[in-house]
Amino acid sequence: MNYKNIHFEDLGVTAECASFRPEEGVGEWHVMLHVEPRSETFQQQLDRIYQTEDRLPSLPDFQGAQYVLKRYFLSDSTNQQPLMRQEPNLAISTIQQQPLDGSKVAAWLYMVSDTQLSVEHGAVVGEHNGYRHIWRMGMTATEGDSARQTKTVLEDYEQMLRQFGATLADNCIRTWFFVRDVDTQYAGMVRARRENFVREGLTPETHYIASTGIGGCPADTKALIQLGTYALTGFQPEQQRYLYAKTHLNPTYEYGVTFERGTRMEYGDRSHIFISGTASINNRGEVVHVGDIRQQTLRMWENVEMLLREGGMDYSDVMHLVVYLRDTGDYEVVSEMFRKRFPQIPTVITLAPVCRPTWLIEMECVAVRKTYNSHYPAL
């Protein structure tokens with residue numbers, strides 16, 4: 001893993017970069033872009049972000065890199081999304097989760113090399129060595145309550161997967177559910193997801209999917225939830241393993257929700273770990289350190305560390321961190337804690353209430369480590 005910060009002084013943008021570049025095969029880059037606030041409009045900040053994106057692939061550190069996914073964290077999605085450029089060949093996710101550094105926009109970029117990219121059935125597809133990586137972002141519905149909208153977007157997504165010869169249970173690796181007014185709308189999403197999962201064969205006796213369910217406002221004011229997904233075909237079931245960290249965490253179904261704490265994918269040349277949104281919780285499903293942002297942050301870190309360890313990794317393998325805060329007043333404390341603990345890892349801290357009011361903070365991450373397994377094709 002290589003970490004590097006690139007500051008574009010003329011643009012006032014910092015690119016926090018993590019790269020995994022084997023001698024042969026697919027290279028991977030995760031980048032967090034942060035724009036310096038300059039008392040200017042959203043469009044002006046966005047233009048500086050875009051100029052940075054356009055420069056990155058030409059730099060020596062990004063040789064051969066192609067964009068796959070871009071997620072934009074916005075301060076006002078309804079008014080800002082219409083101002084954004086159209087990039088139909090990429091998986092684009094835009095959500096109102098205000099960056100808490102004082103800017104109006106931040107971005108998480110995912111790039112790969114040596115991969116054939118295309119768009120099929122509304123998804124971005126990356127192909128290499130028999131694997132097909134399927135990214136679909138920004139799925140919404142506008143009719144009904146949060147339960148009905150969740151039902152609609154999941155059924156639409158499952159229909160799309162069938163066109164790839166895939167299913168939710170067998171091929172979906174990661175989901176993100178962004179929920180408007182999470183304190184009141186989350187329960188409907190959870191209920192509809194659980195009902196859908198039962199029909200799809202996802203139960204406590206089988207498995208669920210690594211996921212984040214968090215506060216976030218879609219641009220369309222009628223949309224109560226927004227779904228983003230990553231699926232994969234061409235792998236063997238034994239390449240996928242779920243992470244539990246039972247000394248620190250309990251199965252999510254014990255308190256009525258349906259997701260895996262983390263998922264490890266093993267390839268011939270590396271392993272990936274996808275850590276779901278994780279908060280300050282114990283192995284009885286109880287919120288730990290109610291009202292104490294410092295202690296909740298420490299416990300959250302510990303929980304994620306245990307999940308990574310179970311998957312054979314640690315924080316030195318993490319390629320990015322997305323941090324969600326309920327209270328903007330906690331930003332300075334949390335930001336300083338992350339700077340001291342993880343000075344190199346690309347990180348964004350946003351305003352996004354967690355699904356329980358007493359949880360003050362949550363985070364998710366992706367990790368990668370070099371491995372060798374001759375039974376599987378390299379990524």
# chains A, B, ... in the order shown; residues from 1 in each chain; ligands from 1
$ residues_around --residues "segment 9-20 of chain A" --least-positions-apart "6" --cutoff "8 Å" --atoms "only C-alpha atoms" --output "list in words"
Met1, Asn2, Tyr3, Gly27, Glu28, Trp29, His30, Val31, Met32, Leu33, His34, Val35, Glu36, Arg48, Ile49, Gln51, Thr52, Met319, His320, Gln344, Ile345, Pro346, Thr347 and Val368 of chain A
$ residues_around --residues "segment 156-166 of chain A" --least-positions-apart "4" --cutoff "7 Å" --atoms "only C-alpha atoms" --output "ChimeraX atom specification"
/A:121,152,170-171,233
$ write_last_selection --atoms "C-alpha atoms" --output "PDB file, in the first residue's frame"
ATOM      1  CA  HIS A 121     -28.036  -2.355 -18.493  1.00  0.00           C
ATOM      2  CA  THR A 152     -39.159  -0.712  -5.739  1.00  0.00           C
ATOM      3  CA  ASP A 170     -25.041 -14.897  -4.986  1.00  0.00           C
ATOM      4  CA  ASN A 171     -23.386 -11.844  -6.465  1.00  0.00           C
ATOM      5  CA  THR A 233     -19.633 -12.398 -11.222  1.00  0.00           C
TER       6      THR A 233
END
$ residues_around --residues "Ile273 of chain A" --least-positions-apart "6" --cutoff "7 Å" --atoms "only C-alpha atoms" --output "list in words"
Gly262, Thr263, Arg264, Met265, Val366, Ala367 and Val368 of chain A
$ closest_residue --among "A:Thr247, A:Gln96, A:Thr297, A:Thr167" --to "Met337 of chain A" --atoms "only C-alpha atoms"
A:Thr297
$ select_by_dssp --residues "segment 77-325 of chain A" --states "strand (DSSP E)" --output "ChimeraX atom specification"
/A:91-96,105-112,116-120,123-128,131-139,172-179,210-215,225-233,240-243,262-266,270-278,318-325
$ closest_atom_pairs --of "segment 204-226 of chain A" --to "segment 79-95 of chain A" --cutoff "10 Å" --atoms "only C-alpha atoms" --output "tab-separated table"
residue	atom	partner	partner_atom	distance
A:Gly215	CA	A:Ile95	CA	9.7
A:Gly216	CA	A:Ile95	CA	6.1
A:Cys217	CA	A:Ile95	CA	5.9
A:Pro218	CA	A:Ile95	CA	5.4
A:Ala219	CA	A:Gln81	CA	6.5
A:Asp220	CA	A:Gln81	CA	9.4
A:Gln226	CA	A:Ile95	CA	8.4
$ select_by_dssp --residues "segment 93-257 of chain A" --states "alpha helix (DSSP H)" --output "mmCIF file with C-alpha atoms, in the first residue's frame"
data_model
loop_
_atom_site.group_PDB
_atom_site.id
_atom_site.type_symbol
_atom_site.label_atom_id
_atom_site.label_comp_id
_atom_site.auth_asym_id
_atom_site.auth_seq_id
_atom_site.Cartn_x
_atom_site.Cartn_y
_atom_site.Cartn_z
ATOM 1 C CA SER A 146 -39.667 4.561 2.521
ATOM 2 C CA ALA A 147 -40.736 0.900 2.638
ATOM 3 C CA ARG A 148 -42.415 1.041 -0.758
ATOM 4 C CA GLN A 149 -39.511 2.941 -2.297
ATOM 5 C CA THR A 150 -37.030 0.406 -0.909
ATOM 6 C CA LYS A 151 -39.100 -2.429 -2.353
ATOM 7 C CA THR A 152 -39.159 -0.712 -5.739
ATOM 8 C CA VAL A 153 -35.440 0.008 -6.010
ATOM 9 C CA LEU A 154 -34.435 -3.459 -4.794
ATOM 10 C CA GLU A 155 -36.736 -5.189 -7.264
ATOM 11 C CA ASP A 156 -35.444 -2.981 -10.086
ATOM 12 C CA TYR A 157 -31.875 -3.805 -9.097
ATOM 13 C CA GLU A 158 -32.592 -7.530 -8.930
ATOM 14 C CA GLN A 159 -34.111 -7.374 -12.392
ATOM 15 C CA MET A 160 -30.937 -5.715 -13.645
ATOM 16 C CA LEU A 161 -28.758 -8.402 -12.025
ATOM 17 C CA ARG A 162 -30.713 -11.114 -13.789
ATOM 18 C CA GLN A 163 -29.620 -9.608 -17.108
ATOM 19 C CA LEU A 168 -28.713 -10.543 -5.126
ATOM 20 C CA ALA A 169 -27.859 -13.495 -2.873
ATOM 21 C CA ASP A 170 -25.041 -14.897 -4.986
ATOM 22 C CA ASN A 171 -23.386 -11.844 -6.465
ATOM 23 C CA VAL A 182 -33.105 8.644 8.965
ATOM 24 C CA ASP A 183 -34.676 8.959 12.428
ATOM 25 C CA THR A 184 -38.169 8.522 10.964
ATOM 26 C CA GLN A 185 -37.641 6.783 7.593
ATOM 27 C CA TYR A 186 -35.041 4.147 8.459
ATOM 28 C CA ALA A 187 -37.532 1.689 9.964
ATOM 29 C CA GLY A 188 -39.510 1.462 6.722
ATOM 30 C CA MET A 189 -36.360 0.815 4.722
ATOM 31 C CA VAL A 190 -35.261 -1.903 7.163
ATOM 32 C CA ARG A 191 -38.639 -3.639 7.033
ATOM 33 C CA ALA A 192 -38.838 -3.653 3.246
ATOM 34 C CA ARG A 193 -35.220 -4.777 2.875
ATOM 35 C CA ARG A 194 -35.782 -7.656 5.283
ATOM 36 C CA GLU A 195 -38.914 -8.792 3.436
ATOM 37 C CA ASN A 196 -37.137 -8.590 0.099
ATOM 38 C CA PHE A 197 -34.118 -10.474 1.405
ATOM 39 C CA VAL A 198 -36.290 -13.356 2.646
ATOM 40 C CA ARG A 199 -37.769 -13.710 -0.844
#
$ residues_around --residues "Tyr331 of chain A" --least-positions-apart "2" --cutoff "10 Å" --atoms "only C-alpha atoms" --output "PyMOL selection string"
chain A and resi 100-101+293+324-329+333-337+349-351
$ write_last_selection --atoms "N, CA and C atoms" --output "tab-separated table (two decimals), in the first residue's frame"
chain	number	residue	atom	x	y	z
A	100	LEU	N	-17.64	18.33	6.37
A	100	LEU	CA	-17.62	19.17	7.57
A	100	LEU	C	-16.34	19.99	7.70
A	101	ASP	N	-15.57	20.09	6.61
A	101	ASP	CA	-14.38	20.94	6.63
A	101	ASP	C	-14.67	22.36	6.19
A	293	ILE	N	-18.49	11.46	22.54
A	293	ILE	CA	-18.00	11.31	21.18
A	293	ILE	C	-16.60	10.72	21.14
A	324	TYR	N	-19.11	9.32	9.32
A	324	TYR	CA	-20.41	9.98	9.38
A	324	TYR	C	-20.65	10.51	10.80
A	325	LEU	N	-20.99	11.79	10.91
A	325	LEU	CA	-21.27	12.40	12.21
A	325	LEU	C	-22.72	12.87	12.26
A	326	ARG	N	-23.31	12.75	13.44
A	326	ARG	CA	-24.65	13.26	13.68
A	326	ARG	C	-24.63	14.75	13.99
A	327	ASP	N	-23.62	15.20	14.72
A	327	ASP	CA	-23.57	16.56	15.25
A	327	ASP	C	-22.36	17.29	14.69
A	328	THR	N	-22.58	18.40	13.99
A	328	THR	CA	-21.47	19.17	13.43
A	328	THR	C	-20.54	19.68	14.52
A	329	GLY	N	-21.06	19.85	15.73
A	329	GLY	CA	-20.24	20.33	16.82
A	329	GLY	C	-19.15	19.36	17.23
A	333	VAL	N	-13.26	17.77	17.26
A	333	VAL	CA	-12.73	16.70	18.10
A	333	VAL	C	-12.41	15.46	17.26
A	334	VAL	N	-13.38	15.06	16.45
A	334	VAL	CA	-13.21	13.85	15.65
A	334	VAL	C	-12.12	14.02	14.59
A	335	SER	N	-12.10	15.16	13.95
A	335	SER	CA	-11.10	15.42	12.92
A	335	SER	C	-9.69	15.32	13.49
A	336	GLU	N	-9.48	15.90	14.65
A	336	GLU	CA	-8.16	15.83	15.27
A	336	GLU	C	-7.81	14.40	15.65
A	337	MET	N	-8.78	13.65	16.17
A	337	MET	CA	-8.51	12.25	16.51
A	337	MET	C	-8.10	11.45	15.28
A	349	ILE	N	-15.00	13.32	6.30
A	349	ILE	CA	-15.92	13.36	7.44
A	349	ILE	C	-17.12	14.19	7.02
A	350	THR	N	-18.31	13.59	7.12
A	350	THR	CA	-19.51	14.23	6.61
A	350	THR	C	-20.60	14.30	7.68
A	351	LEU	N	-21.58	15.14	7.42
A	351	LEU	CA	-22.78	15.23	8.26
A	351	LEU	C	-23.78	14.21	7.76
$ closest_residue --among "A:Met139, A:Val105, A:Leu360, A:Leu69" --to "Leu117 of chain A" --atoms "only C-alpha atoms"
A:Leu69
$ closest_residue --among "A:Thr206, A:Gln240, A:Gln97, A:Ser118" --to "Val179 of chain A" --atoms "only C-alpha atoms"
A:Gln97
$ residues_around --residues "Leu321 of chain A" --least-positions-apart "2" --cutoff "7 Å" --atoms "only C-alpha atoms" --output "list in words"
Val323, Pro346, Thr347, Val348, Met363, Glu364 and Cys365 of chain A
$ residues_around --residues "Ala378 of chain A" --least-positions-apart "3" --cutoff "9 Å" --atoms "only C-alpha atoms" --output "ChimeraX atom specification"
/A:25-26,128-129,267-270,372-374
$ write_last_selection --atoms "C-alpha atoms" --output "PDB file, in the first residue's frame"
ATOM      1  CA  GLY A  25      -2.190  -7.076 -13.134  1.00  0.00           C
ATOM      2  CA  VAL A  26      -4.780  -4.601 -12.016  1.00  0.00           C
ATOM      3  CA  HIS A 128     -10.590  -8.787 -16.279  1.00  0.00           C
ATOM      4  CA  ASN A 129      -9.541 -12.436 -15.843  1.00  0.00           C
ATOM      5  CA  TYR A 267      -8.427 -13.435  -5.460  1.00  0.00           C
ATOM      6  CA  GLY A 268      -5.295 -15.041  -6.815  1.00  0.00           C
ATOM      7  CA  ASP A 269      -3.140 -11.977  -6.158  1.00  0.00           C
ATOM      8  CA  ARG A 270      -4.913 -10.001  -3.403  1.00  0.00           C
ATOM      9  CA  TYR A 372      -1.255 -15.428  -3.404  1.00  0.00           C
ATOM     10  CA  ASN A 373      -3.683 -18.229  -4.042  1.00  0.00           C
ATOM     11  CA  SER A 374      -3.154 -20.364  -7.135  1.00  0.00           C
TER      12      SER A 374
END
$ atom_distance --atom1 "atom CA of Glu260 of chain A" --atom2 "atom CA of Ile209 of chain A"
5.2 Å
$ atom_distance --atom1 "atom CA of Pro357 of chain A" --atom2 "atom CA of Asp181 of chain A"
11.4 Å
$ atom_distance --atom1 "atom CA of Glu310 of chain A" --atom2 "atom CA of Phe259 of chain A"
17.3 Å
